[in-house]
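Asks: Let me begin by handing over the structure; questions about it come next.
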Amino acid sequence: MPNVNNQKIKIALVGGGVSSVAAALTFPTSFQVDIYERDERLLRKLLKTGNGKANIFNLKIDQTMYNNPELIAAHPALLQVVKDFYHDKGVLTFTDEEGRGYPYSRSARSLANHLLSLLGSNIKVFLNKAINHIDVDGAKVMIEGQSYDDVLIVTGSSAYDPSVNTDNNNTQLFADLGVKLSGFYPVSGPIMIKENLRMIENEKVKATLSICALDRVITSESGEILFKKDNLSGIASFIANSRLVWDYRQHGYQNYTVSLNLIDGYEKEVEALLDKKNISTSAFQGLVSDPLAAYLTSRCDKNIDSAGVMRLLTDLKFKISKDFILSHDKGQLMSGGVDIGEINPHTFALKSNSNIYVGGEVLDIDGVSGGYNLMFALYSGITIAKDIVNKHCQ
């Protein structure tokens, strides 16, 4: 694919994560690509995803899995582009029963090593090199005294790295460019509640968890719940936590409550069992674990009846703490980043400068747990690279 001006195009990638590597592997070898990474290696965060197995996509994608669904809706080919990328790069993948996609090797490290082995001689990597300022000189963008035709800012988020600020040390970089950042909120962690759950700490259940604000249902998620002394943990809680924070960012605190249906799908069977029971403080025995039965009994009215038992089993309510926003070390993901109003929603170029692009987690786009964030990060890098190639080549 020849260049319009027959001169080598120079591209800078600020950040060495999945977005950056995907973009680098999408550019033709006629492009000179420089990657600036502040850490000692590329793809460091990839190694931690999916508990080391690399959850790289999810077949159950839809726009509601992200905090800014309108932007995701503008990219209907997102999943296919990601799957095609891994196929084209020789990566065998598989999906589990929940639709989560992984490399067949079950190894994030093997995947990272393979992708890095594909980087060609046209790609230079500068490690331990933090970029805190970018200059604009006419149609060129300057970094470290070098002139570039286009720059991708794909610095990621501070998820998995509480040693840096929640803004991932990006505030000054974007302030110098006049780009608006939203606040940052650690998400995908436990739901902090007011009640004391020491009686059932470390008990696990399969349940449906719902979060409400007055008469408004924010989310309902089914899965494993792990009780801790002051919070509800587990995968269902992690997904619900993201949606809770998204709602909070839009509406402010709403006196949130969370409820658990501990017998979802078995209500009729339990009602039949209760008809045979003597409704007393032992009504929960045989239905749930002994510690949970004791806790539910402690929540009973004195004159317990079968309707009261069913209410506790199907609508066990807790008040969400007003200070439910997680500390940095408890969130697996980060909500916030470059305001999407600052970018072209199709190309991810800044509206203020079409030679500077922003992609991946540094954008205010975050999805729930399950591979959605890694999938978007990779997709945005590919999309940006394709737009740059189309801009310079014919």
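Following the order of the structure tokens, first chain is A, next is B, and so on, with residues numbered from 1 inside each chain and ligands from 1 in the order they appear.
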Give one line per residue of range 177-266 of chain A that approaches range 57-76 of chain A to at most 9 Å, naming the two atoms of the closest pair and their distance in Å to one decimal, counting only C-alpha atoms; sort by chain then ascending residue number and deliver it as CSV.
Replies:
```
residue,atom,partner,partner_atom,distance
A:Ser242,CA,A:Asn67,CA,8.4
A:Arg243,CA,A:Asn67,CA,7.7
A:Trp246,CA,A:Asn67,CA,6.2
```
Asks: Can I get the selected residues back with N, CA and C atoms, as a compact mmCIF listing (two decimals), in the first residue's frame?
Replies:
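Output contents, as saved in selection-v2.txt:
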```txt
# COMPACT_ATOMS: atom_id res chain seq x y z
N SER A 242 -19.82 -2.13 39.02
CA SER A 242 -19.57 -1.23 37.89
C SER A 242 -20.83 -0.46 37.53
N ARG A 243 -21.94 -1.16 37.44
CA ARG A 243 -23.19 -0.51 37.05
C ARG A 243 -23.66 0.48 38.13
N TRP A 246 -21.59 3.60 37.61
CA TRP A 246 -22.07 4.32 36.42
C TRP A 246 -23.32 5.13 36.77
```
Asks: May I have all residues of range 25-180 of chain A that DSSP, computed from the backbone, assigns to strand (DSSP E or B), given as an NGL selection string?
Replies: :A and (32-36 or 57-58 or 66 or 93-95 or 100-103 or 123-126 or 135-137 or 140-143 or 146-148 or 150-153)
Asks: Set the distance at 7 Å and use only C-alpha atoms: which residues neighbour Ala22 in chain A once local chain neighbours fewer than 5 positions away are removed? I'd like the list as a PyMOL selection string.
Replies: chain A and resi 378+381-382
Asks: Quick one: residues within 8 Å of Pro103 in chain A, only C-alpha atoms counted, chain neighbours fewer than 5 positions away excluded, as a list in words?
Replies: Lys53, Ala54, Asn55, Ile56, Val91, Leu92, Thr93, Phe94, Ala108 and Leu111 of chain A
Asks: Kindly save the residues from that selection, with all heavy atoms included, as a CSV table (one decimal), in the first residue's frame.
Replies:
```
chain,number,residue,atom,x,y,z
A,53,LYS,N,-5.0,-16.1,32.7
A,53,LYS,CA,-5.4,-16.8,31.5
A,53,LYS,C,-5.7,-15.9,30.3
A,53,LYS,O,-5.8,-16.4,29.2
A,53,LYS,CB,-6.6,-17.7,31.8
A,53,LYS,CG,-6.3,-18.8,32.8
A,53,LYS,CD,-7.5,-19.8,32.9
A,53,LYS,CE,-8.8,-19.1,33.3
A,53,LYS,NZ,-9.9,-20.1,33.4
A,54,ALA,N,-5.8,-14.6,30.6
A,54,ALA,CA,-6.1,-13.6,29.6
A,54,ALA,C,-7.5,-13.8,29.0
A,54,ALA,O,-7.7,-14.4,28.0
A,54,ALA,CB,-5.1,-13.6,28.4
A,55,ASN,N,-8.5,-13.1,29.6
A,55,ASN,CA,-9.9,-13.1,29.1
A,55,ASN,C,-9.9,-12.0,28.1
A,55,ASN,O,-10.0,-10.8,28.4
A,55,ASN,CB,-10.8,-12.8,30.3
A,55,ASN,CG,-12.3,-12.8,29.9
A,55,ASN,OD1,-13.1,-12.4,30.7
A,55,ASN,ND2,-12.6,-13.2,28.7
A,56,ILE,N,-9.8,-12.4,26.8
A,56,ILE,CA,-9.5,-11.4,25.7
A,56,ILE,C,-10.7,-10.9,24.9
A,56,ILE,O,-10.6,-9.9,24.2
A,56,ILE,CB,-8.5,-12.0,24.7
A,56,ILE,CG1,-8.9,-13.4,24.2
A,56,ILE,CG2,-7.1,-12.1,25.4
A,56,ILE,CD1,-7.9,-14.0,23.2
A,91,VAL,N,-3.4,-17.0,16.7
A,91,VAL,CA,-3.7,-17.3,18.1
A,91,VAL,C,-5.0,-18.1,18.1
A,91,VAL,O,-6.1,-17.7,17.7
A,91,VAL,CB,-4.0,-16.0,18.9
A,91,VAL,CG1,-4.4,-16.4,20.4
A,91,VAL,CG2,-2.7,-15.2,19.0
A,92,LEU,N,-4.9,-19.4,18.6
A,92,LEU,CA,-6.1,-20.2,18.8
A,92,LEU,C,-6.8,-19.8,20.0
A,92,LEU,O,-6.2,-19.6,21.1
A,92,LEU,CB,-5.6,-21.7,18.9
A,92,LEU,CG,-6.7,-22.7,19.0
A,92,LEU,CD1,-7.6,-22.7,17.8
A,92,LEU,CD2,-6.1,-24.1,19.3
A,93,THR,N,-8.1,-19.7,20.0
A,93,THR,CA,-8.9,-19.2,21.1
A,93,THR,C,-10.0,-20.2,21.4
A,93,THR,O,-10.4,-21.1,20.6
A,93,THR,CB,-9.5,-17.9,20.9
A,93,THR,OG1,-10.5,-17.9,19.8
A,93,THR,CG2,-8.4,-16.8,20.6
A,94,PHE,N,-10.6,-20.1,22.6
A,94,PHE,CA,-11.8,-20.9,23.0
A,94,PHE,C,-12.7,-20.1,23.8
A,94,PHE,O,-12.2,-19.0,24.4
A,94,PHE,CB,-11.4,-22.2,23.7
A,94,PHE,CG,-11.0,-22.0,25.1
A,94,PHE,CD1,-11.9,-22.3,26.1
A,94,PHE,CD2,-9.7,-21.6,25.5
A,94,PHE,CE1,-11.6,-22.1,27.5
A,94,PHE,CE2,-9.4,-21.4,26.8
A,94,PHE,CZ,-10.3,-21.7,27.8
A,108,ALA,N,-1.8,-16.0,29.7
A,108,ALA,CA,-1.6,-14.7,29.3
A,108,ALA,C,-0.2,-14.4,28.9
A,108,ALA,O,0.1,-13.6,28.0
A,108,ALA,CB,-2.1,-13.7,30.4
A,111,LEU,N,0.5,-15.6,25.4
A,111,LEU,CA,-0.1,-14.8,24.5
A,111,LEU,C,0.7,-13.5,24.3
A,111,LEU,O,1.0,-13.1,23.2
A,111,LEU,CB,-1.5,-14.4,24.9
A,111,LEU,CG,-2.3,-13.4,24.0
A,111,LEU,CD1,-2.4,-13.9,22.6
A,111,LEU,CD2,-3.6,-13.0,24.7
```
Asks: Grab the CA of Glu224 in chain A to CA of Ala236 in chain A distance for me, in Å with one decimal place.
Replies: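 CA of Ala236 in chain A lies 6.1 Å from CA of Glu224 in chain A.
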Asks: Determine, counting only C-alpha atoms, which protein, DNA and RNA residues have an atom within 8 Å of an atom of Tyr379 in chain A; residues of the same chain fewer than 5 positions away are not included. Present the result as a ChimeraX atom specification.
Replies: /A:19,22,78,81-82
Asks: Restricting it to N, CA and C atoms, dump the selection as a PDB file, in the first residue's frame.
Replies:
```
ATOM      1  N   SER A  19      -3.692  -1.955  23.416  1.00  0.00           N
ATOM      2  CA  SER A  19      -4.064  -1.020  22.344  1.00  0.00           C
ATOM      3  C   SER A  19      -2.864  -0.688  21.481  1.00  0.00           C
ATOM      4  N   ALA A  22      -1.581  -3.788  19.418  1.00  0.00           N
ATOM      5  CA  ALA A  22      -2.520  -4.079  18.331  1.00  0.00           C
ATOM      6  C   ALA A  22      -2.369  -3.074  17.203  1.00  0.00           C
ATOM      7  N   LEU A  78     -17.150  -4.640  16.462  1.00  0.00           N
ATOM      8  CA  LEU A  78     -16.115  -4.717  17.488  1.00  0.00           C
ATOM      9  C   LEU A  78     -15.659  -6.148  17.755  1.00  0.00           C
ATOM     10  N   VAL A  81     -13.900  -7.850  14.674  1.00  0.00           N
ATOM     11  CA  VAL A  81     -12.565  -7.302  14.420  1.00  0.00           C
ATOM     12  C   VAL A  81     -11.552  -7.913  15.381  1.00  0.00           C
ATOM     13  N   VAL A  82     -11.939  -8.043  16.645  1.00  0.00           N
ATOM     14  CA  VAL A  82     -11.038  -8.616  17.645  1.00  0.00           C
ATOM     15  C   VAL A  82     -10.765 -10.086  17.351  1.00  0.00           C
TER      16      VAL A  82
END
```
Asks: Could you check how far CA of Pro162 in chain A sits from CA of Glu201 in chain A, in Å to one decimal?
Replies: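 Those two atoms sit 25.8 Å apart.
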Asks: From the list A:Ser321, A:Ser259, A:Thr171, A:Gln254, which residue is nearest Ala207 in chain A when using only C-alpha atoms?
Replies: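 Checking each candidate against Ala207 in chain A, we get A:Ser259 as the closest.
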Asks: What's the separation between CA of Glu195 in chain A and CA of Asp230 in chain A, in Å to one decimal place?
Replies: 6.6 Å
Asks: Which residues are close to Ile191 in chain A, i.e. within 9 Å by only C-alpha atoms, leaving aside same-chain residues fewer than 6 positions away? Reply as a ChimeraX atom specification.
Replies: /A:230-233,237-238,240-241,244,258,320-321,324-326
Asks: Kindly export the residues of the current selection with N, CA and C atoms, as a PDB file, in the first residue's frame.
Replies:
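Generated output (out_15.pdb):
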```pdb
ATOM      1  N   ASP A 230     -18.236  -6.649  55.782  1.00  0.00           N
ATOM      2  CA  ASP A 230     -18.844  -5.361  55.466  1.00  0.00           C
ATOM      3  C   ASP A 230     -19.160  -5.195  53.985  1.00  0.00           C
ATOM      4  N   ASN A 231     -19.158  -6.296  53.229  1.00  0.00           N
ATOM      5  CA  ASN A 231     -19.434  -6.166  51.804  1.00  0.00           C
ATOM      6  C   ASN A 231     -19.890  -7.483  51.200  1.00  0.00           C
ATOM      7  N   LEU A 232     -20.403  -7.376  49.985  1.00  0.00           N
ATOM      8  CA  LEU A 232     -20.771  -8.527  49.173  1.00  0.00           C
ATOM      9  C   LEU A 232     -19.760  -8.618  48.043  1.00  0.00           C
ATOM     10  N   SER A 233     -19.065  -9.738  47.933  1.00  0.00           N
ATOM     11  CA  SER A 233     -18.041  -9.921  46.924  1.00  0.00           C
ATOM     12  C   SER A 233     -18.486 -11.007  45.946  1.00  0.00           C
ATOM     13  N   SER A 237     -21.294  -9.519  42.200  1.00  0.00           N
ATOM     14  CA  SER A 237     -21.109  -8.232  42.867  1.00  0.00           C
ATOM     15  C   SER A 237     -20.189  -7.323  42.071  1.00  0.00           C
ATOM     16  N   PHE A 238     -19.139  -7.892  41.476  1.00  0.00           N
ATOM     17  CA  PHE A 238     -18.185  -7.090  40.714  1.00  0.00           C
ATOM     18  C   PHE A 238     -18.869  -6.429  39.515  1.00  0.00           C
ATOM     19  N   ALA A 240     -22.140  -5.876  39.207  1.00  0.00           N
ATOM     20  CA  ALA A 240     -23.119  -4.920  39.731  1.00  0.00           C
ATOM     21  C   ALA A 240     -22.440  -3.655  40.238  1.00  0.00           C
ATOM     22  N   ASN A 241     -21.245  -3.790  40.799  1.00  0.00           N
ATOM     23  CA  ASN A 241     -20.522  -2.624  41.304  1.00  0.00           C
ATOM     24  C   ASN A 241     -20.228  -1.626  40.191  1.00  0.00           C
ATOM     25  N   LEU A 244     -23.390   0.158  39.380  1.00  0.00           N
ATOM     26  CA  LEU A 244     -23.721   1.066  40.475  1.00  0.00           C
ATOM     27  C   LEU A 244     -22.948   2.374  40.334  1.00  0.00           C
ATOM     28  N   VAL A 258     -29.400  -3.042  48.085  1.00  0.00           N
ATOM     29  CA  VAL A 258     -29.106  -4.255  47.334  1.00  0.00           C
ATOM     30  C   VAL A 258     -29.917  -5.384  47.943  1.00  0.00           C
ATOM     31  N   ILE A 320     -26.736  -0.030  50.972  1.00  0.00           N
ATOM     32  CA  ILE A 320     -25.398   0.236  50.451  1.00  0.00           C
ATOM     33  C   ILE A 320     -24.816   1.448  51.157  1.00  0.00           C
ATOM     34  N   SER A 321     -23.594   1.304  51.614  1.00  0.00           N
ATOM     35  CA  SER A 321     -22.929   2.375  52.347  1.00  0.00           C
ATOM     36  C   SER A 321     -22.792   3.623  51.483  1.00  0.00           C
ATOM     37  N   PHE A 324     -19.515   3.961  49.384  1.00  0.00           N
ATOM     38  CA  PHE A 324     -19.333   2.692  48.665  1.00  0.00           C
ATOM     39  C   PHE A 324     -18.249   2.764  47.599  1.00  0.00           C
ATOM     40  N   ILE A 325     -17.818   3.963  47.206  1.00  0.00           N
ATOM     41  CA  ILE A 325     -16.761   4.060  46.198  1.00  0.00           C
ATOM     42  C   ILE A 325     -15.513   3.367  46.737  1.00  0.00           C
ATOM     43  N   LEU A 326     -14.960   2.473  45.949  1.00  0.00           N
ATOM     44  CA  LEU A 326     -13.878   1.615  46.406  1.00  0.00           C
ATOM     45  C   LEU A 326     -12.557   2.363  46.512  1.00  0.00           C
TER      46      LEU A 326
END
```
Asks: Out of A:Ile239, A:Val14, A:Ala77, A:Phe184, which residue has the shortest atom-to-atom distance to Asn132 in chain A when counting only C-alpha atoms?
Replies: A:Val14
Asks: Leaving out Phe174 in chain A and any residue of its chain fewer than 6 positions from it, which residues lie within 9 Å of it when counting only C-alpha atoms, given as a VMD selection string?
Replies: chain A and resid 132 to 134 180 to 181 338
Asks: Restrict the selected residues to C-alpha atoms and save them as a compact mmCIF listing (two decimals), in the first residue's frame.
Replies:
```
# COMPACT_ATOMS: atom_id res chain seq x y z
CA ASN A 132 4.39 13.66 30.36
CA HIS A 133 4.21 16.30 27.63
CA ILE A 134 3.38 16.41 23.93
CA LYS A 180 -11.06 17.22 29.37
CA LEU A 181 -10.78 14.30 31.78
CA VAL A 338 -10.83 11.28 28.51
```
Asks: Using only C-alpha atoms, which of the listed residues (A:Phe126, A:Phe348, A:Tyr148, A:Tyr256) sits closest to Lys317 in chain A?
Replies: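 Of A:Phe126, A:Phe348, A:Tyr148, A:Tyr256, the one nearest Lys317 in chain A is A:Tyr256, counting only C-alpha atoms.
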Asks: Looking only at the backbone, which of the residues in range 6-197 of chain A does DSSP tag as alpha helix (DSSP H), as a ChimeraX atom specification?
Replies: /A:18-26,69-73,78-88,108-117,171-176
Asks: May I ask which of the residues A:Val33, A:Lys129, A:Ile9, A:Ser220 is the closest one to Lys391 in chain A, counting only C-alpha atoms?
Replies: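 Answer, going by the shortest atom-to-atom distance: A:Ile9.
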Asks: Which one of A:Thr155, A:Asn165, A:Ser30, A:Ser335 sits closest to Val358 in chain A if you count only C-alpha atoms?
Replies: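 Smallest distance to Val358 in chain A is found for A:Thr155.
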Asks: Would you mind telling me which residue in A:Thr29, A:Ser182, A:Gln146, A:Asn202 lies nearest to Pro291 in chain A when using only C-alpha atoms?
Replies: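 Comparing A:Thr29, A:Ser182, A:Gln146, A:Asn202 against Pro291 in chain A, the winner is A:Asn202.
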Asks: List as a tab-separated table every residue of range 130-210 of chain A that is in contact with range 364-371 of chain A, defined as an atom at most 12 Å from one of its atoms (using only C-alpha atoms), together with the nearest atom pair and the distance in Å rounded to one decimal, sorted by chain and then rising number.
Replies:
```
residue	atom	partner	partner_atom	distance
A:Gly156	CA	A:Asp364	CA	10.7
A:Ser157	CA	A:Asp364	CA	9.9
A:Ala159	CA	A:Asp366	CA	11.1
A:Asp167	CA	A:Asp364	CA	11.3
A:Lys180	CA	A:Asp364	CA	10.5
A:Leu181	CA	A:Asp364	CA	8.1
A:Ser182	CA	A:Asp364	CA	7.3
A:Gly183	CA	A:Asp364	CA	9.3
A:Phe184	CA	A:Asp364	CA	9.0
A:Tyr185	CA	A:Asp366	CA	10.7
A:Pro186	CA	A:Asp366	CA	10.8
A:Val187	CA	A:Val368	CA	8.7
A:Ser188	CA	A:Ser369	CA	6.6
A:Gly189	CA	A:Ser369	CA	9.6
```
Asks: Now that the selection is made, can you save its residues with all heavy atoms as a compact mmCIF listing (two decimals), in the first residue's frame?
Replies:
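Output contents, as saved in again_31.txt:
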```txt
# COMPACT_ATOMS: atom_id res chain seq x y z
N GLY A 156 -3.55 3.58 28.92
CA GLY A 156 -4.25 2.67 29.82
C GLY A 156 -4.84 3.36 31.03
O GLY A 156 -5.05 4.58 31.05
N SER A 157 -5.15 2.57 32.06
CA SER A 157 -5.66 3.11 33.31
C SER A 157 -4.80 2.59 34.45
O SER A 157 -3.88 1.81 34.24
CB SER A 157 -7.12 2.66 33.52
OG SER A 157 -7.17 1.31 33.96
N ALA A 159 -5.84 0.66 36.76
CA ALA A 159 -6.34 -0.63 37.26
C ALA A 159 -5.18 -1.61 37.40
O ALA A 159 -4.27 -1.63 36.57
CB ALA A 159 -7.38 -1.19 36.30
N ASP A 167 -5.56 8.60 38.31
CA ASP A 167 -5.56 9.11 36.93
C ASP A 167 -4.44 8.52 36.09
O ASP A 167 -4.25 8.91 34.94
CB ASP A 167 -5.47 10.63 36.93
CG ASP A 167 -4.09 11.15 37.34
OD1 ASP A 167 -3.31 10.36 37.91
OD2 ASP A 167 -3.81 12.34 37.11
N LYS A 180 -10.30 17.39 28.13
CA LYS A 180 -11.06 17.22 29.37
C LYS A 180 -11.03 15.78 29.85
O LYS A 180 -11.29 14.85 29.08
CB LYS A 180 -12.51 17.66 29.15
CG LYS A 180 -13.40 17.50 30.37
CD LYS A 180 -14.85 17.89 30.05
CE LYS A 180 -15.77 17.65 31.23
NZ LYS A 180 -17.18 18.00 30.88
N LEU A 181 -10.71 15.61 31.13
CA LEU A 181 -10.78 14.30 31.78
C LEU A 181 -11.93 14.29 32.77
O LEU A 181 -12.19 15.29 33.46
CB LEU A 181 -9.49 14.00 32.55
CG LEU A 181 -8.20 13.71 31.79
CD1 LEU A 181 -7.05 13.57 32.77
CD2 LEU A 181 -8.35 12.44 30.97
N SER A 182 -12.63 13.16 32.87
CA SER A 182 -13.63 12.99 33.92
C SER A 182 -12.92 12.55 35.19
O SER A 182 -11.72 12.27 35.19
CB SER A 182 -14.65 11.94 33.50
OG SER A 182 -14.06 10.66 33.54
N GLY A 183 -13.68 12.45 36.28
CA GLY A 183 -13.12 11.89 37.51
C GLY A 183 -12.85 10.41 37.34
O GLY A 183 -13.28 9.77 36.37
N PHE A 184 -12.12 9.84 38.30
CA PHE A 184 -11.76 8.42 38.22
C PHE A 184 -12.34 7.68 39.41
O PHE A 184 -12.27 8.14 40.56
CB PHE A 184 -10.23 8.26 38.18
CG PHE A 184 -9.62 8.77 36.91
CD1 PHE A 184 -9.25 10.10 36.79
CD2 PHE A 184 -9.45 7.93 35.82
CE1 PHE A 184 -8.70 10.59 35.62
CE2 PHE A 184 -8.90 8.42 34.64
CZ PHE A 184 -8.53 9.74 34.54
N TYR A 185 -12.90 6.49 39.13
CA TYR A 185 -13.56 5.69 40.15
C TYR A 185 -13.15 4.22 40.00
O TYR A 185 -13.45 3.60 38.98
CB TYR A 185 -15.09 5.78 40.00
CG TYR A 185 -15.63 7.19 40.06
CD1 TYR A 185 -15.65 8.00 38.92
CD2 TYR A 185 -16.12 7.71 41.24
CE1 TYR A 185 -16.14 9.29 38.97
CE2 TYR A 185 -16.63 9.00 41.31
CZ TYR A 185 -16.64 9.78 40.17
OH TYR A 185 -17.12 11.06 40.23
N PRO A 186 -12.48 3.66 40.99
CA PRO A 186 -12.19 2.22 40.94
C PRO A 186 -13.50 1.43 40.96
O PRO A 186 -14.41 1.72 41.75
CB PRO A 186 -11.39 1.97 42.23
CG PRO A 186 -10.83 3.32 42.60
CD PRO A 186 -11.87 4.30 42.17
N VAL A 187 -13.63 0.46 40.06
CA VAL A 187 -14.86 -0.34 39.95
C VAL A 187 -14.50 -1.82 39.83
O VAL A 187 -13.34 -2.20 39.86
CB VAL A 187 -15.71 0.10 38.72
CG1 VAL A 187 -16.24 1.50 38.90
CG2 VAL A 187 -14.90 0.01 37.43
N SER A 188 -15.55 -2.62 39.68
CA SER A 188 -15.41 -4.07 39.57
C SER A 188 -14.77 -4.65 40.83
O SER A 188 -13.72 -5.30 40.80
CB SER A 188 -14.58 -4.46 38.34
OG SER A 188 -14.66 -5.86 38.11
N GLY A 189 -15.44 -4.40 41.93
CA GLY A 189 -15.01 -4.90 43.23
C GLY A 189 -16.22 -5.15 44.10
O GLY A 189 -17.36 -5.16 43.62
```
